[in-house]
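Everything below belongs to structure-v7.cif, which stores mmCIF, C-alpha atoms.
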data_model
#
loop_
_atom_site.label_atom_id
_atom_site.label_comp_id
_atom_site.auth_asym_id
_atom_site.auth_seq_id
_atom_site.Cartn_x
_atom_site.Cartn_y
_atom_site.Cartn_z
CA MET A 1 0.00 0.00 0.00
CA LYS A 2 2.89 2.38 0.79
CA LYS A 3 4.28 1.73 -2.70
CA ILE A 4 0.95 2.72 -4.28
CA ILE A 5 0.78 5.94 -2.23
CA LYS A 6 4.45 6.76 -3.01
CA GLY A 7 3.82 6.00 -6.69
CA GLY A 8 0.69 8.16 -6.72
CA MET A 9 2.46 11.03 -4.98
CA LEU A 10 5.41 10.68 -7.36
CA GLY A 11 2.98 10.83 -10.30
CA ILE A 12 1.30 13.94 -8.89
CA LEU A 13 4.73 15.51 -8.26
CA ILE A 14 5.78 14.78 -11.86
CA LEU A 15 2.53 16.28 -13.20
CA CYS A 16 3.05 19.39 -11.06
CA ILE A 17 6.64 19.78 -12.29
CA LEU A 18 5.56 19.34 -15.92
CA GLY A 19 2.69 21.82 -15.45
CA LEU A 20 5.05 24.35 -13.87
CA ALA A 21 7.60 23.88 -16.66
CA PHE A 22 4.89 24.32 -19.31
CA SER A 23 3.56 27.43 -17.56
CA MET A 24 7.04 28.99 -17.35
CA ALA A 25 7.68 28.24 -21.03
CA GLN A 26 4.42 29.97 -21.97
CA HIS A 27 5.30 32.97 -19.81
CA ARG A 28 8.77 33.28 -21.37
CA SER A 29 7.29 33.03 -24.86
CA THR A 30 4.81 35.82 -24.09
CA GLN A 31 7.54 38.00 -22.54
CA SER A 32 9.91 37.57 -25.47
CA HIS A 33 7.07 38.41 -27.85
CA HIS A 34 6.40 41.68 -26.00
CA SER A 35 10.05 42.59 -25.53
CA HIS A 36 10.65 42.58 -29.29
CA PRO A 37 7.72 44.52 -30.72
CA THR A 38 7.19 44.51 -34.44
CA ALA A 39 7.18 47.73 -36.43
CA LYS A 40 3.40 47.54 -36.49
CA THR A 41 3.05 47.52 -32.68
CA SER A 42 6.12 49.48 -31.63
CA SER A 43 4.35 52.80 -31.09
CA PRO A 44 1.33 54.63 -32.43
CA LYS A 45 2.08 56.64 -35.56
CA ARG A 46 2.62 60.20 -34.44
CA SER A 47 1.51 63.03 -36.68
CA LYS A 48 3.86 65.80 -37.51
CA PRO A 49 2.66 68.82 -35.49
CA LEU A 50 1.56 71.88 -37.42
CA THR A 51 3.91 74.84 -37.28
CA ILE A 52 3.50 78.56 -37.68
CA THR A 53 5.90 78.36 -40.65
CA GLU A 54 3.53 75.97 -42.46
CA PHE A 55 0.62 78.24 -41.57
CA ASN A 56 2.39 81.27 -43.04
CA HIS A 57 3.66 79.55 -46.21
CA HIS A 58 0.66 77.40 -47.23
CA PRO A 59 -2.50 79.52 -47.55
CA LYS A 60 -4.93 76.59 -47.92
CA LEU A 61 -3.46 74.98 -44.81
CA ALA A 62 -3.88 78.30 -42.99
CA PHE A 63 -7.52 78.49 -44.14
CA SER A 64 -8.10 74.89 -43.01
CA SER A 65 -6.58 75.66 -39.63
CA VAL A 66 -8.71 78.78 -39.17
CA ILE A 67 -11.90 76.95 -40.20
CA TYR A 68 -11.17 73.92 -37.99
CA PHE A 69 -10.59 76.21 -34.99
CA ALA A 70 -13.83 78.11 -35.69
CA ILE A 71 -15.86 74.91 -35.89
CA LYS A 72 -14.34 73.32 -32.79
CA HIS A 73 -13.37 76.21 -30.51
CA VAL A 74 -15.13 79.47 -31.39
CA ASN A 75 -18.36 80.08 -29.55
CA ILE A 76 -20.28 81.59 -32.49
CA GLN A 77 -23.16 79.32 -33.46
CA ARG A 78 -23.26 80.22 -37.16
CA TRP A 79 -19.77 78.80 -37.68
CA GLN A 80 -21.40 75.39 -37.26
CA GLU A 81 -22.96 75.98 -40.69
CA VAL A 82 -19.59 75.03 -42.20
CA SER A 83 -18.96 72.01 -39.98
CA ASP A 84 -19.71 69.28 -42.54
CA PHE A 85 -16.22 67.97 -43.30
CA SER A 86 -17.51 65.73 -46.11
CA LEU A 87 -18.92 68.67 -48.13
CA GLY A 88 -15.80 70.77 -47.76
CA TRP A 89 -15.50 74.54 -48.03
CA GLN A 90 -15.35 77.30 -50.56
CA VAL A 91 -13.20 80.24 -49.48
CA GLU A 92 -13.63 83.48 -51.41
CA ILE A 93 -10.87 86.04 -51.00
CA HIS A 94 -12.17 89.62 -51.23
CA ARG A 95 -9.83 92.58 -51.11
CA ALA A 96 -10.85 95.30 -48.68
CA SER A 97 -9.22 98.60 -47.79
CA LYS A 98 -7.79 97.17 -44.56
CA GLY A 99 -6.79 93.74 -45.86
CA ASN A 100 -8.41 90.63 -47.28
CA HIS A 101 -11.71 89.20 -46.12
CA TYR A 102 -11.95 85.43 -46.38
CA LEU A 103 -15.58 84.38 -46.89
CA VAL A 104 -16.26 80.78 -45.91
CA TRP A 105 -19.09 78.92 -47.62
CA PRO A 106 -20.20 75.40 -46.75
CA ASN A 107 -19.62 73.00 -49.65
CA LYS A 108 -16.61 73.36 -51.93
CA ASP A 109 -18.97 73.18 -54.94
CA ILE A 110 -21.55 75.75 -53.80
CA LYS A 111 -23.18 77.69 -56.65
CA GLU A 112 -23.77 81.44 -56.74
CA THR A 113 -27.54 80.90 -56.68
CA GLU A 114 -27.18 79.05 -53.35
CA LYS A 115 -25.37 81.94 -51.67
CA GLN A 116 -28.39 83.65 -50.15
CA LEU A 117 -27.18 84.69 -46.68
CA GLU A 118 -24.00 86.57 -45.81
CA PRO A 119 -21.37 83.94 -45.02
CA ASN A 120 -19.09 83.66 -42.04
CA TRP A 121 -15.76 85.24 -42.75
CA PHE A 122 -12.40 85.95 -41.17
CA GLU A 123 -9.45 88.30 -41.46
CA ILE A 124 -5.76 87.61 -40.96
CA LYS A 125 -4.30 90.80 -39.55
CA HIS A 126 -0.79 91.91 -38.61
CA GLN A 127 1.18 89.64 -36.27
CA ASN A 128 -1.03 86.69 -37.30
CA GLN A 129 -4.08 87.93 -35.44
CA ILE A 130 -7.23 86.15 -36.68
CA VAL A 131 -10.63 87.84 -36.40
CA TYR A 132 -13.76 85.77 -37.01
CA HIS A 133 -16.97 87.49 -38.13
CA SER A 134 -20.51 86.19 -38.31
CA LEU A 135 -23.76 87.99 -39.07
CA VAL A 136 -26.44 87.35 -36.47
CA VAL A 137 -29.48 86.25 -38.47
CA HIS A 138 -32.64 88.39 -37.93
CA SER A 139 -30.71 91.05 -35.99
CA PHE A 140 -30.70 93.93 -38.47
CA GLY A 141 -26.96 93.78 -39.11
CA GLU A 142 -25.47 92.76 -35.76
CA VAL A 143 -22.17 90.92 -36.20
CA GLN A 144 -20.50 88.60 -33.70
CA THR A 145 -16.71 88.51 -33.64
CA HIS A 146 -14.00 86.46 -32.01
CA THR A 147 -10.30 87.31 -32.02
CA THR A 148 -7.39 84.93 -31.54
CA THR A 149 -3.90 84.36 -32.95
CA ALA A 150 -2.44 81.89 -35.40
CA ASN A 151 -0.18 80.57 -32.63
CA THR A 152 -3.22 79.82 -30.46
CA ILE A 153 -4.92 78.04 -33.37
CA ILE A 154 -1.81 75.94 -34.09
CA ARG A 155 -1.37 75.02 -30.40
CA ARG A 156 -5.03 73.99 -30.12
CA ILE A 157 -4.93 71.85 -33.29
CA ASN A 158 -1.80 70.09 -32.04
CA ALA A 159 -3.34 69.60 -28.58
CA ASP A 160 -6.45 68.11 -30.24
CA HIS A 161 -4.17 65.78 -32.24
CA ALA A 162 -6.00 67.05 -35.33
CA GLU A 163 -2.96 67.88 -37.46
CA ASN A 164 -3.71 65.22 -40.06
CA LYS A 165 -7.41 66.09 -40.12
CA VAL A 166 -6.57 69.74 -40.83
CA ARG A 167 -4.09 68.73 -43.53
CA ARG A 168 -6.77 66.57 -45.21
CA MET A 169 -9.20 69.52 -45.17
CA VAL A 170 -7.05 71.20 -47.82
CA ILE A 171 -8.07 68.51 -50.32
CA ASN A 172 -11.75 69.32 -49.82
CA MET A 173 -11.43 73.09 -50.29
CA THR A 174 -11.91 75.43 -53.23
CA VAL A 175 -10.36 78.91 -53.12
CA ILE A 176 -11.73 81.71 -55.30
CA LYS A 177 -9.95 85.04 -55.58
CA ASP A 178 -11.79 88.31 -56.12
CA ASN A 179 -10.75 90.05 -59.35
#

Once more with this new file: its structure as structure tokens, please.
Amino acid sequence: MKKIIKGGMLGILILCILGLAFSMAQHRSTQSHHSHPTAKTSSPKRSKPLTITEFNHHPKLAFSSVIYFAIKHVNIQRWQEVSDFSLGWQVEIHRASKGNHYLVWPNKDIKETEKQLEPNWFEIKHQNQIVYHSLVVHSFGEVQTHTTTANTIIRRINADHAENKVRRMVINMTVIKDN
């Protein structure tokens, strides 16, 4: 009887040792897999942050940045009229005595006959100051404004991790210059 008990205990001991060895092998395999990440899992692809230099040298990127900021961070309700990223935008550049006015229409393919209401618009003033304008509908000419800077817009876009989104906006934009 003692031989049967010793044999049974020896069998259990062998099974425990084999189970432990198998478990350790699995653990080592998992650790080595995680310690040598593949290019696909090494780190999330980081976008290149927007810079003020890009803003100043690429007008359509500047317009995209200004429009994105208006949609996401300016508290003027009418700017939501241009928030459909799939339709895109039409930006008309009109010369004025104190600098250009950039009229922003929803839909890059909008027709003249569809332009019934004064659009939202913005100015880029000295030292990269941006002034947003929006007519208050049914107010007899009242205009809401918001002022910020290009640096603030760039910082906010980068903080939102929206650099690539803003860069893609350029593709869905038509720019028309006043003659």

Length of the CA of Met169 (chain A) to CA of Pro59 (chain A) vector [Å]
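About the pair CA of Met169 (chain A) and CA of Pro59 (chain A): they are 12.3 Å apart.
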
Using Å and a single decimal, report how far CA of Ser97 (chain A) sits from CA of Ile71 (chain A).
27.3 Å

For the provided coordinates, the residues matched by the PyMOL selection byres ((chain A and resi 107-123) around 10) should be stated as a VMD selection string.
chain A and resid 63 66 to 67 70 76 78 to 93 98 to 106 124 to 126 128 to 137 143 to 147 171 to 175

For C-alpha atoms, I'd like the residues from the last selection saved as a PDB file, in the frame of the given file.
ATOM      1  CA  PHE A  63      -7.520  78.490 -44.140  1.00  0.00           C
ATOM      2  CA  VAL A  66      -8.710  78.780 -39.170  1.00  0.00           C
ATOM      3  CA  ILE A  67     -11.900  76.950 -40.200  1.00  0.00           C
ATOM      4  CA  ALA A  70     -13.830  78.110 -35.690  1.00  0.00           C
ATOM      5  CA  ILE A  76     -20.280  81.590 -32.490  1.00  0.00           C
ATOM      6  CA  ARG A  78     -23.260  80.220 -37.160  1.00  0.00           C
ATOM      7  CA  TRP A  79     -19.770  78.800 -37.680  1.00  0.00           C
ATOM      8  CA  GLN A  80     -21.400  75.390 -37.260  1.00  0.00           C
ATOM      9  CA  GLU A  81     -22.960  75.980 -40.690  1.00  0.00           C
ATOM     10  CA  VAL A  82     -19.590  75.030 -42.200  1.00  0.00           C
ATOM     11  CA  SER A  83     -18.960  72.010 -39.980  1.00  0.00           C
ATOM     12  CA  ASP A  84     -19.710  69.280 -42.540  1.00  0.00           C
ATOM     13  CA  PHE A  85     -16.220  67.970 -43.300  1.00  0.00           C
ATOM     14  CA  SER A  86     -17.510  65.730 -46.110  1.00  0.00           C
ATOM     15  CA  LEU A  87     -18.920  68.670 -48.130  1.00  0.00           C
ATOM     16  CA  GLY A  88     -15.800  70.770 -47.760  1.00  0.00           C
ATOM     17  CA  TRP A  89     -15.500  74.540 -48.030  1.00  0.00           C
ATOM     18  CA  GLN A  90     -15.350  77.300 -50.560  1.00  0.00           C
ATOM     19  CA  VAL A  91     -13.200  80.240 -49.480  1.00  0.00           C
ATOM     20  CA  GLU A  92     -13.630  83.480 -51.410  1.00  0.00           C
ATOM     21  CA  ILE A  93     -10.870  86.040 -51.000  1.00  0.00           C
ATOM     22  CA  LYS A  98      -7.790  97.170 -44.560  1.00  0.00           C
ATOM     23  CA  GLY A  99      -6.790  93.740 -45.860  1.00  0.00           C
ATOM     24  CA  ASN A 100      -8.410  90.630 -47.280  1.00  0.00           C
ATOM     25  CA  HIS A 101     -11.710  89.200 -46.120  1.00  0.00           C
ATOM     26  CA  TYR A 102     -11.950  85.430 -46.380  1.00  0.00           C
ATOM     27  CA  LEU A 103     -15.580  84.380 -46.890  1.00  0.00           C
ATOM     28  CA  VAL A 104     -16.260  80.780 -45.910  1.00  0.00           C
ATOM     29  CA  TRP A 105     -19.090  78.920 -47.620  1.00  0.00           C
ATOM     30  CA  PRO A 106     -20.200  75.400 -46.750  1.00  0.00           C
ATOM     31  CA  ILE A 124      -5.760  87.610 -40.960  1.00  0.00           C
ATOM     32  CA  LYS A 125      -4.300  90.800 -39.550  1.00  0.00           C
ATOM     33  CA  HIS A 126      -0.790  91.910 -38.610  1.00  0.00           C
ATOM     34  CA  ASN A 128      -1.030  86.690 -37.300  1.00  0.00           C
ATOM     35  CA  GLN A 129      -4.080  87.930 -35.440  1.00  0.00           C
ATOM     36  CA  ILE A 130      -7.230  86.150 -36.680  1.00  0.00           C
ATOM     37  CA  VAL A 131     -10.630  87.840 -36.400  1.00  0.00           C
ATOM     38  CA  TYR A 132     -13.760  85.770 -37.010  1.00  0.00           C
ATOM     39  CA  HIS A 133     -16.970  87.490 -38.130  1.00  0.00           C
ATOM     40  CA  SER A 134     -20.510  86.190 -38.310  1.00  0.00           C
ATOM     41  CA  LEU A 135     -23.760  87.990 -39.070  1.00  0.00           C
ATOM     42  CA  VAL A 136     -26.440  87.350 -36.470  1.00  0.00           C
ATOM     43  CA  VAL A 137     -29.480  86.250 -38.470  1.00  0.00           C
ATOM     44  CA  VAL A 143     -22.170  90.920 -36.200  1.00  0.00           C
ATOM     45  CA  GLN A 144     -20.500  88.600 -33.700  1.00  0.00           C
ATOM     46  CA  THR A 145     -16.710  88.510 -33.640  1.00  0.00           C
ATOM     47  CA  HIS A 146     -14.000  86.460 -32.010  1.00  0.00           C
ATOM     48  CA  THR A 147     -10.300  87.310 -32.020  1.00  0.00           C
ATOM     49  CA  ILE A 171      -8.070  68.510 -50.320  1.00  0.00           C
ATOM     50  CA  ASN A 172     -11.750  69.320 -49.820  1.00  0.00           C
ATOM     51  CA  MET A 173     -11.430  73.090 -50.290  1.00  0.00           C
ATOM     52  CA  THR A 174     -11.910  75.430 -53.230  1.00  0.00           C
ATOM     53  CA  VAL A 175     -10.360  78.910 -53.120  1.00  0.00           C
TER      54      VAL A 175
END

Could you jot down the CA of Lys72 (chain A) to CA of Lys165 (chain A) separation for me, Å, one decimal place?
12.4 Å

Selection result of the PyMOL selection byres ((chain A and resi 54) around 12) on this file, as a list in words
Lys48, Pro49, Leu50, Thr51, Ile52, Thr53, Phe55, Asn56, His57, His58, Pro59, Lys60, Leu61, Ala62, Phe63, Ser64, Ser65, Ala150, Asn151, Ile154, Glu163, Val166 and Arg167 of chain A

Edge lengths and centre in Å, axis-aligned, region 51-61 of chain A plus 3 Å each side, as JSON:
{"center_x": 0.5, "center_y": 78.1, "center_z": -42.6, "size_x": 16.8, "size_y": 12.4, "size_z": 16.6}
